[in-house]
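> Handing over data.cif, mmCIF, C-alpha atoms.
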```
data_run
loop_
_atom_site.label_atom_id
_atom_site.label_comp_id
_atom_site.auth_asym_id
_atom_site.auth_seq_id
_atom_site.Cartn_x
_atom_site.Cartn_y
_atom_site.Cartn_z
CA MET A 1 -33.65 12.98 -14.44
CA THR A 2 -36.79 13.83 -16.42
CA GLU A 3 -39.49 11.25 -17.19
CA GLY A 4 -38.32 11.09 -20.79
CA GLN A 5 -34.72 10.49 -19.76
CA ALA A 6 -35.77 7.72 -17.38
CA GLU A 7 -37.80 6.04 -20.12
CA LEU A 8 -34.82 6.22 -22.48
CA VAL A 9 -32.56 4.54 -19.90
CA ARG A 10 -35.17 1.79 -19.35
CA ARG A 11 -35.42 1.03 -23.11
CA GLN A 12 -31.68 0.67 -23.59
CA PRO A 13 -29.94 -2.70 -23.06
CA THR A 14 -28.63 -2.88 -19.50
CA LEU A 15 -25.75 -4.64 -17.80
CA ASP A 16 -28.25 -7.30 -16.72
CA THR A 17 -29.17 -7.80 -20.38
CA VAL A 18 -25.53 -8.34 -21.26
CA ALA A 19 -24.99 -10.74 -18.35
CA ALA A 20 -28.01 -12.83 -19.30
CA GLU A 21 -26.98 -12.94 -22.97
CA ALA A 22 -23.43 -14.01 -22.06
CA GLY A 23 -24.54 -16.51 -19.43
CA VAL A 24 -22.48 -14.90 -16.65
CA SER A 25 -23.21 -13.03 -13.46
CA ARG A 26 -23.85 -9.33 -13.45
CA ALA A 27 -20.64 -8.79 -11.45
CA THR A 28 -18.60 -10.71 -14.03
CA ALA A 29 -20.07 -8.67 -16.87
CA SER A 30 -19.26 -5.51 -14.92
CA ARG A 31 -15.64 -6.58 -14.46
CA VAL A 32 -15.25 -7.13 -18.20
CA ILE A 33 -16.77 -3.75 -19.03
CA ASN A 34 -14.60 -2.01 -16.42
CA GLY A 35 -11.42 -3.66 -17.68
CA SER A 36 -10.67 -5.83 -14.65
CA PRO A 37 -8.01 -8.52 -15.21
CA ARG A 38 -9.92 -10.96 -12.98
CA VAL A 39 -11.71 -12.69 -15.86
CA SER A 40 -10.55 -15.40 -18.22
CA PRO A 41 -10.06 -14.66 -21.93
CA GLU A 42 -13.00 -16.96 -22.73
CA VAL A 43 -15.39 -15.10 -20.41
CA LYS A 44 -14.13 -11.77 -21.70
CA ARG A 45 -14.89 -12.80 -25.30
CA ALA A 46 -18.34 -14.11 -24.31
CA VAL A 47 -19.26 -10.80 -22.66
CA GLN A 48 -17.85 -8.72 -25.51
CA ASP A 49 -19.82 -10.80 -28.03
CA ALA A 50 -22.98 -10.32 -25.94
CA ILE A 51 -22.38 -6.56 -25.87
CA ALA A 52 -22.16 -6.54 -29.66
CA ARG A 53 -25.32 -8.64 -30.09
CA VAL A 54 -27.57 -6.62 -27.77
CA GLY A 55 -26.09 -3.24 -28.69
CA TYR A 56 -25.15 -2.31 -25.16
CA VAL A 57 -23.40 1.05 -24.75
CA PRO A 58 -22.09 1.95 -21.26
CA ASN A 59 -23.72 5.30 -20.56
CA ARG A 60 -21.76 6.65 -17.64
CA ALA A 61 -23.95 9.68 -17.19
CA ALA A 62 -27.07 7.51 -17.02
CA ARG A 63 -25.40 5.11 -14.60
CA THR A 64 -24.47 7.99 -12.35
CA LEU A 65 -28.07 9.21 -12.30
CA VAL A 66 -29.75 5.83 -11.92
CA ARG A 67 -27.27 3.93 -9.73
CA ARG A 68 -25.64 6.84 -7.95
CA ARG A 69 -22.25 5.85 -9.32
CA THR A 70 -19.57 8.50 -9.70
CA ASP A 71 -16.97 6.37 -11.55
CA SER A 72 -14.28 7.68 -9.21
CA VAL A 73 -12.41 6.30 -6.22
CA ALA A 74 -10.43 8.08 -3.52
CA LEU A 75 -6.89 7.26 -2.43
CA VAL A 76 -6.56 8.63 1.11
CA ILE A 77 -3.03 9.09 2.48
CA ARG A 78 -2.48 10.11 6.07
CA GLU A 79 0.81 12.00 5.87
CA PRO A 80 1.92 15.64 5.66
CA ASN A 81 2.10 17.04 2.14
CA ALA A 82 5.90 17.16 2.23
CA THR A 83 6.09 13.46 3.13
CA VAL A 84 3.73 12.44 0.33
CA LEU A 85 5.85 14.33 -2.19
CA ALA A 86 9.21 13.05 -0.88
CA ASP A 87 8.49 9.39 -0.09
CA PRO A 88 9.11 7.08 -3.10
CA TYR A 89 6.95 4.35 -1.51
CA LEU A 90 3.90 6.62 -1.48
CA ALA A 91 4.72 7.91 -4.96
CA ASN A 92 4.75 4.32 -6.24
CA ILE A 93 1.39 3.65 -4.58
CA ILE A 94 -0.13 6.67 -6.33
CA VAL A 95 1.33 5.88 -9.74
CA ALA A 96 0.50 2.16 -9.63
CA THR A 97 -3.08 2.85 -8.54
CA SER A 98 -3.53 5.36 -11.33
CA ASP A 99 -2.07 2.92 -13.87
CA GLU A 100 -4.36 0.12 -12.72
CA LEU A 101 -7.42 2.32 -13.35
CA ILE A 102 -6.44 3.05 -16.97
CA GLY A 103 -9.11 1.71 -19.29
CA THR A 104 -11.66 1.14 -16.51
CA GLY A 105 -13.42 4.51 -16.88
CA VAL A 106 -12.79 5.12 -13.17
CA GLN A 107 -10.95 8.25 -12.06
CA LEU A 108 -8.60 8.58 -9.09
CA VAL A 109 -9.13 11.29 -6.48
CA LEU A 110 -6.11 11.86 -4.22
CA VAL A 111 -7.01 12.96 -0.69
CA ASN A 112 -4.54 13.88 2.05
CA ALA A 113 -5.88 13.52 5.60
CA ARG A 114 -3.26 14.27 8.22
CA ASN A 115 -5.18 13.66 11.45
CA ASP A 116 -8.41 12.28 12.92
CA ASP A 117 -10.27 15.59 12.49
CA GLU A 118 -9.50 15.61 8.77
CA HIS A 119 -10.55 11.97 8.54
CA GLU A 120 -13.96 12.99 9.88
CA ARG A 121 -14.15 15.44 6.98
CA VAL A 122 -13.08 12.73 4.53
CA ALA A 123 -15.70 10.35 5.91
CA ASP A 124 -18.41 12.98 5.41
CA TYR A 125 -17.17 13.57 1.84
CA VAL A 126 -17.24 9.87 1.00
CA ARG A 127 -20.57 9.18 2.70
CA GLY A 128 -21.97 12.07 0.67
CA GLY A 129 -21.62 9.92 -2.46
CA HIS A 130 -18.73 11.78 -4.09
CA VAL A 131 -16.75 8.57 -4.76
CA ASP A 132 -17.64 4.91 -5.19
CA GLY A 133 -14.93 3.51 -2.92
CA VAL A 134 -11.81 4.29 -0.93
CA LEU A 135 -8.21 3.08 -0.81
CA LEU A 136 -6.39 3.89 2.43
CA ALA A 137 -2.58 4.11 2.68
CA SER A 138 -0.01 4.95 5.38
CA MET A 139 -2.36 4.77 8.34
CA HIS A 140 -1.18 5.78 11.81
CA GLY A 141 -2.43 4.56 15.16
CA ASP A 142 -5.92 3.21 15.70
CA ASP A 143 -7.25 5.16 12.73
CA PRO A 144 -11.05 5.58 12.93
CA LEU A 145 -11.61 5.97 9.19
CA PRO A 146 -11.70 2.28 8.12
CA GLY A 147 -14.37 1.46 10.67
CA MET A 148 -16.37 4.57 9.78
CA LEU A 149 -16.36 3.72 6.08
CA LEU A 150 -17.17 0.06 6.67
CA ALA A 151 -20.11 1.00 8.92
CA ALA A 152 -21.39 3.31 6.15
CA GLY A 153 -21.24 0.50 3.59
CA VAL A 154 -18.51 2.20 1.53
CA PRO A 155 -16.26 -0.23 -0.42
CA THR A 156 -12.86 0.10 1.25
CA VAL A 157 -9.43 -1.51 0.91
CA VAL A 158 -6.51 -0.71 3.20
CA GLY A 159 -2.83 -0.80 2.29
CA GLY A 160 -1.22 -2.51 5.29
CA ARG A 161 -2.58 -4.37 8.29
CA PRO A 162 -4.76 -2.23 10.58
CA PRO A 163 -3.67 -2.20 14.25
CA ARG A 164 -6.86 -3.97 15.28
CA ARG A 165 -9.00 -6.50 13.49
CA ILE A 166 -12.11 -5.03 11.86
CA PRO A 167 -14.45 -7.81 10.65
CA GLY A 168 -15.19 -7.46 6.94
CA LEU A 169 -12.34 -5.03 6.24
CA CYS A 170 -10.16 -5.99 3.28
CA TYR A 171 -6.46 -5.13 3.34
CA VAL A 172 -3.31 -5.91 1.38
CA ASP A 173 -0.11 -6.04 3.43
CA VAL A 174 3.46 -7.21 2.90
CA ASP A 175 5.39 -9.56 5.18
CA ASN A 176 7.04 -6.83 7.21
CA LEU A 177 7.94 -9.09 10.13
CA GLY A 178 9.47 -11.79 7.94
CA GLY A 179 11.35 -9.26 5.81
CA ALA A 180 12.88 -7.56 8.85
CA GLN A 181 13.85 -10.91 10.32
CA LEU A 182 15.49 -11.82 7.01
CA ALA A 183 17.46 -8.55 6.99
CA THR A 184 18.68 -9.03 10.56
CA GLU A 185 19.59 -12.68 9.94
CA HIS A 186 21.67 -11.50 6.97
CA LEU A 187 23.63 -9.19 9.29
CA LEU A 188 24.07 -12.03 11.78
CA GLY A 189 25.23 -14.33 9.01
CA ALA A 190 27.89 -11.77 8.10
CA GLY A 191 29.31 -12.07 11.61
CA ARG A 192 27.75 -8.93 13.11
CA LYS A 193 27.03 -9.17 16.83
CA ARG A 194 26.32 -5.59 17.94
CA ILE A 195 23.36 -4.82 15.71
CA ALA A 196 21.14 -1.77 16.09
CA THR A 197 17.94 -0.76 14.34
CA ILE A 198 16.47 2.52 13.19
CA ALA A 199 12.80 1.66 13.66
CA GLY A 200 9.88 3.44 12.01
CA PRO A 201 7.10 5.44 13.72
CA ALA A 202 5.79 3.57 16.75
CA ASP A 203 2.16 4.18 15.73
CA MET A 204 2.40 2.35 12.38
CA THR A 205 1.83 -1.40 12.15
CA ALA A 206 4.43 -1.83 9.38
CA ALA A 207 7.08 -0.27 11.63
CA ALA A 208 5.97 -2.34 14.62
CA ASP A 209 6.13 -5.56 12.60
CA ARG A 210 9.62 -4.71 11.30
CA LEU A 211 10.78 -4.01 14.84
CA ASP A 212 9.31 -7.37 15.93
CA GLY A 213 11.15 -9.14 13.11
CA PHE A 214 14.42 -7.49 14.15
CA GLY A 215 13.89 -8.56 17.76
CA ARG A 216 12.91 -12.09 16.84
CA ALA A 217 16.09 -12.65 14.80
CA LEU A 218 18.34 -11.39 17.59
CA THR A 219 16.50 -13.34 20.28
CA GLU A 220 16.81 -16.56 18.31
CA ALA A 221 20.54 -15.84 18.00
CA GLY A 222 20.83 -15.39 21.76
CA LEU A 223 21.38 -11.64 21.56
CA THR A 224 19.48 -8.71 23.07
CA ALA A 225 17.53 -6.29 20.87
CA ASP A 226 18.17 -3.18 22.94
CA ARG A 227 19.88 -0.92 20.39
CA VAL A 228 16.76 0.81 19.09
CA VAL A 229 16.01 4.37 18.01
CA HIS A 230 12.80 5.39 16.23
CA GLY A 231 12.72 7.52 13.09
CA GLU A 232 9.92 8.91 10.92
CA PHE A 233 10.60 7.05 7.64
CA THR A 234 12.44 10.15 6.36
CA HIS A 235 16.06 10.74 5.31
CA GLU A 236 16.51 13.40 7.99
CA SER A 237 15.19 11.18 10.77
CA GLY A 238 17.58 8.44 9.66
CA GLU A 239 20.51 10.84 10.06
CA LEU A 240 19.34 11.89 13.51
CA ALA A 241 18.72 8.30 14.63
CA MET A 242 22.11 7.14 13.38
CA THR A 243 23.82 9.98 15.24
CA THR A 244 21.98 8.97 18.41
CA LEU A 245 22.92 5.31 17.98
CA LEU A 246 26.60 6.12 17.53
CA ASP A 247 26.52 8.27 20.67
CA ARG A 248 24.90 5.49 22.69
CA HIS A 249 26.59 2.49 21.10
CA PRO A 250 29.86 3.53 19.44
CA ASP A 251 30.88 -0.13 19.11
CA LEU A 252 27.91 -1.17 16.92
CA ASP A 253 28.81 -3.17 13.82
CA GLY A 254 25.48 -3.56 12.04
CA VAL A 255 22.33 -1.50 11.40
CA PHE A 256 18.91 -2.50 10.13
CA ALA A 257 16.95 0.57 9.04
CA ALA A 258 13.20 0.11 8.70
CA ASN A 259 13.11 1.88 5.34
CA ASP A 260 15.58 2.90 2.64
CA LEU A 261 15.27 6.65 3.19
CA MET A 262 16.39 6.24 6.80
CA ALA A 263 19.12 3.83 5.69
CA ALA A 264 20.43 6.45 3.25
CA GLY A 265 20.53 8.98 6.08
CA ALA A 266 22.39 6.46 8.23
CA LEU A 267 24.98 5.88 5.49
CA ARG A 268 25.66 9.61 5.32
CA VAL A 269 26.27 9.88 9.08
CA LEU A 270 28.45 6.76 9.14
CA ARG A 271 30.60 8.14 6.34
CA ALA A 272 30.91 11.50 8.10
CA SER A 273 31.95 9.74 11.33
CA GLY A 274 34.75 7.87 9.58
CA ARG A 275 33.05 4.44 9.70
CA ARG A 276 33.55 2.33 6.62
CA VAL A 277 30.52 0.51 5.21
CA PRO A 278 30.39 -2.46 5.28
CA ASP A 279 33.86 -3.02 6.79
CA ASP A 280 33.16 -1.34 10.13
CA VAL A 281 29.37 -1.17 10.05
CA ALA A 282 27.08 -3.15 7.75
CA VAL A 283 23.73 -1.56 6.82
CA VAL A 284 20.48 -3.11 5.52
CA GLY A 285 17.37 -1.15 4.56
CA PHE A 286 13.78 -2.00 3.68
CA ASP A 287 11.69 -1.13 0.58
CA ASP A 288 14.12 -1.46 -2.37
CA ILE A 289 13.29 1.96 -3.78
CA ASP A 290 15.30 3.26 -6.73
CA LEU A 291 17.56 5.24 -4.38
CA ALA A 292 18.88 1.98 -2.89
CA ARG A 293 20.85 1.26 -6.07
CA HIS A 294 22.48 4.69 -6.04
CA THR A 295 23.66 5.16 -2.46
CA GLU A 296 27.36 4.90 -1.66
CA PRO A 297 27.80 2.00 -1.22
CA ALA A 298 24.74 0.51 -2.92
CA LEU A 299 22.22 -0.52 -0.29
CA THR A 300 21.42 -4.10 0.64
CA THR A 301 17.69 -4.02 1.37
CA VAL A 302 14.43 -5.93 1.61
CA HIS A 303 12.28 -5.73 -1.50
CA GLN A 304 8.57 -5.25 -0.94
CA PRO A 305 6.27 -5.54 -3.98
CA VAL A 306 4.67 -2.10 -3.67
CA ILE A 307 3.51 -1.97 -7.30
CA HIS A 308 1.79 -5.35 -6.97
CA GLN A 309 0.33 -4.27 -3.63
CA ALA A 310 -1.23 -1.12 -5.09
CA ARG A 311 -2.59 -2.91 -8.15
CA LEU A 312 -4.12 -5.67 -6.04
CA MET A 313 -5.69 -3.11 -3.69
CA THR A 314 -7.26 -1.37 -6.68
CA GLU A 315 -8.49 -4.63 -8.19
CA LEU A 316 -10.09 -5.69 -4.90
CA LEU A 317 -11.78 -2.30 -4.56
CA LEU A 318 -13.25 -2.49 -8.07
CA THR A 319 -14.53 -5.97 -7.22
CA GLN A 320 -16.32 -4.58 -4.16
CA ILE A 321 -17.76 -1.71 -6.16
CA SER A 322 -19.15 -4.21 -8.68
CA GLY A 323 -21.13 -5.82 -5.86
CA GLU A 324 -18.93 -8.75 -4.84
CA PRO A 325 -17.29 -9.28 -1.42
CA GLY A 326 -13.82 -7.83 -1.05
CA GLY A 327 -12.24 -11.14 -0.09
CA ASP A 328 -9.81 -12.15 2.63
CA PRO A 329 -6.80 -10.06 3.66
CA VAL A 330 -3.68 -10.63 1.56
CA VAL A 331 -0.06 -10.65 2.77
CA LEU A 332 2.56 -10.45 0.01
CA PRO A 333 6.06 -11.94 0.40
CA THR A 334 9.29 -9.95 0.72
CA GLN A 335 12.83 -10.86 -0.29
CA LEU A 336 16.37 -9.76 0.47
CA VAL A 337 18.28 -7.88 -2.26
CA ARG A 338 22.04 -8.14 -1.67
CA ARG A 339 24.20 -5.18 -2.64
CA ASP A 340 27.39 -3.67 -1.24
CA SER A 341 26.38 -2.19 2.12
CA ALA A 342 26.09 -5.57 3.91
#
```
So that I can check it, write out the structure of this file as structure tokens.

Amino acid sequence: MTEGQAELVRRQPTLDTVAAEAGVSRATASRVINGSPRVSPEVKRAVQDAIARVGYVPNRAARTLVRRRTDSVALVIREPNATVLADPYLANIIVATSDELIGTGVQLVLVNARNDDEHERVADYVRGGHVDGVLLASMHGDDPLPGMLLAAGVPTVVGGRPPRRIPGLCYVDVDNLGGAQLATEHLLGAGRKRIATIAGPADMTAAADRLDGFGRALTEAGLTADRVVHGEFTHESGELAMTTLLDRHPDLDGVFAANDLMAAGALRVLRASGRRVPDDVAVVGFDDIDLARHTEPALTTVHQPVIHQARLMTELLLTQISGEPGGDPVVLPTQLVRRDSA
């Protein structure tokens, strides 16, 4: 920036000017200007009136130069490209995040990082000042990236509970354990006694929590939770897991699949094997994606509020970027959606 440009920026009304005129904090004024819903209508009007009185014009180019703001955030997904394109859960995360940023002047950068080495590259990219904050989704294992970003002072929000507690890290999760327990209790309530599960990847906390919920429900019913095969949250892995379960436990009468894609694969194998659903084998999934309404039979499943999750993650990230703390972790409730498969 030249000396003349710097002088021009100094003469113009600033965000601090607006905040003082409106009688609010700088962070509150920033939220109004960036379109955050976390302000009351009264405060929004007060800030907008102050903007009109002082003649404030958000100059994004000047803010980038003076405050090192890029007006962009990264959504980092740790999955292969094919999984990102095929998984409706991840697609909903992307779409909902993009929708939440409409009107804020902040752009979304989608980054795919499939392993720890690529996360090192992502960390270098973010620490280089290319984005103002990061949303992380679909993490596997003890992922190093959240800790790396937090140590670098980068605003970060994680979708899902990390496998270990990282002080100061904000995340938005859903009640995976409670939802899985609800699904399994529904099968038990329908008289099923030989219940199996197609669990998700062992290195994902959402899958681990759903497996725990399955086990808890069976244990409380006095049954053993030993009919378990792991899948990869894909349709194909659900088919393979269901085939394995039928080979090992041909007498099973109920299946809880840890996501709807695997449940759809299980339904296909059960139909091919001559098992009637739900007469012979009842099936419950998890997610409540659009596909669940169109399987044959329609899939009973656990609804998780993925759209709300993504929007809340984005809102919390914008709050951090504006200079406020990210807040405590949030766990959203789940609920059972009864259809024809169980």
> Run the PyMOL selection byres ((chain A and resi 72) around 8) mentally over the shown coordinates, then write out the matched residues as a PyMOL selection string, using the chain letters and numbers from the document.
chain A and resi 70-71+73-74+106-109+130-133
> Mind telling me what the PyMOL selection byres ((chain A and resi 101) around 10) catches here, as a PDB file with C-alpha atoms, keeping the file's coordinate frame?

```pdb
ATOM      1  CA  ASN A  34     -14.600  -2.010 -16.420  1.00  0.00           C
ATOM      2  CA  GLY A  35     -11.420  -3.660 -17.680  1.00  0.00           C
ATOM      3  CA  SER A  36     -10.670  -5.830 -14.650  1.00  0.00           C
ATOM      4  CA  SER A  72     -14.280   7.680  -9.210  1.00  0.00           C
ATOM      5  CA  VAL A  73     -12.410   6.300  -6.220  1.00  0.00           C
ATOM      6  CA  ALA A  96       0.500   2.160  -9.630  1.00  0.00           C
ATOM      7  CA  THR A  97      -3.080   2.850  -8.540  1.00  0.00           C
ATOM      8  CA  SER A  98      -3.530   5.360 -11.330  1.00  0.00           C
ATOM      9  CA  ASP A  99      -2.070   2.920 -13.870  1.00  0.00           C
ATOM     10  CA  GLU A 100      -4.360   0.120 -12.720  1.00  0.00           C
ATOM     11  CA  ILE A 102      -6.440   3.050 -16.970  1.00  0.00           C
ATOM     12  CA  GLY A 103      -9.110   1.710 -19.290  1.00  0.00           C
ATOM     13  CA  THR A 104     -11.660   1.140 -16.510  1.00  0.00           C
ATOM     14  CA  GLY A 105     -13.420   4.510 -16.880  1.00  0.00           C
ATOM     15  CA  VAL A 106     -12.790   5.120 -13.170  1.00  0.00           C
ATOM     16  CA  GLN A 107     -10.950   8.250 -12.060  1.00  0.00           C
ATOM     17  CA  LEU A 108      -8.600   8.580  -9.090  1.00  0.00           C
ATOM     18  CA  ARG A 311      -2.590  -2.910  -8.150  1.00  0.00           C
ATOM     19  CA  THR A 314      -7.260  -1.370  -6.680  1.00  0.00           C
ATOM     20  CA  GLU A 315      -8.490  -4.630  -8.190  1.00  0.00           C
ATOM     21  CA  LEU A 318     -13.250  -2.490  -8.070  1.00  0.00           C
TER      22      LEU A 318
END
```
> Compute the distance from (23.6, -0.9, 9.1) to each atom, counting all atoms listed in the file, keep the residues with any atom at most 9 Å away, and return them as a VMD selection string; use the coordinates of the file.
chain A and resid 187 195 to 198 252 to 257 263 266 to 267 277 to 278 281 to 285 341 to 342
> Would you mind listing what lies within 12 Å of Leu90 in chain A as a ChimeraX atom specification, with all atoms listed in the file counted and same-chain residues fewer than 2 positions away left out?
/A:75-88,92-97,110,112,136-139,159,233,287,289,306-307,309-310
> Considering all atoms listed in the file, return as a list in words whatever protein or nucleic-acid residues lie within 8 Å of Pro201 in chain A, sequence-local ones (same chain, fewer than 3 positions apart) excluded.
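Residues meeting the cut-off are Met204, Ala207, Ala208, His230, Gly231, Glu232 and Phe233 of chain A.
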> Could you pull the residues within 9 Å of Asp16 in chain A, counting all atoms listed in the file, minus those fewer than 3 positions along the same chain, as a PyMOL selection string?
chain A and resi 13+19-21+25-26+29
> Please, could you write that set of residues out with C-alpha atoms as a short mmCIF file (atom, residue, chain, number, x, y, z; two decimals), in the coordinates of the input?

```
data_model
loop_
_atom_site.label_atom_id
_atom_site.label_comp_id
_atom_site.auth_asym_id
_atom_site.auth_seq_id
_atom_site.Cartn_x
_atom_site.Cartn_y
_atom_site.Cartn_z
CA PRO A 13 -29.94 -2.70 -23.06
CA ALA A 19 -24.99 -10.74 -18.35
CA ALA A 20 -28.01 -12.83 -19.30
CA GLU A 21 -26.98 -12.94 -22.97
CA SER A 25 -23.21 -13.03 -13.46
CA ARG A 26 -23.85 -9.33 -13.45
CA ALA A 29 -20.07 -8.67 -16.87
#
```
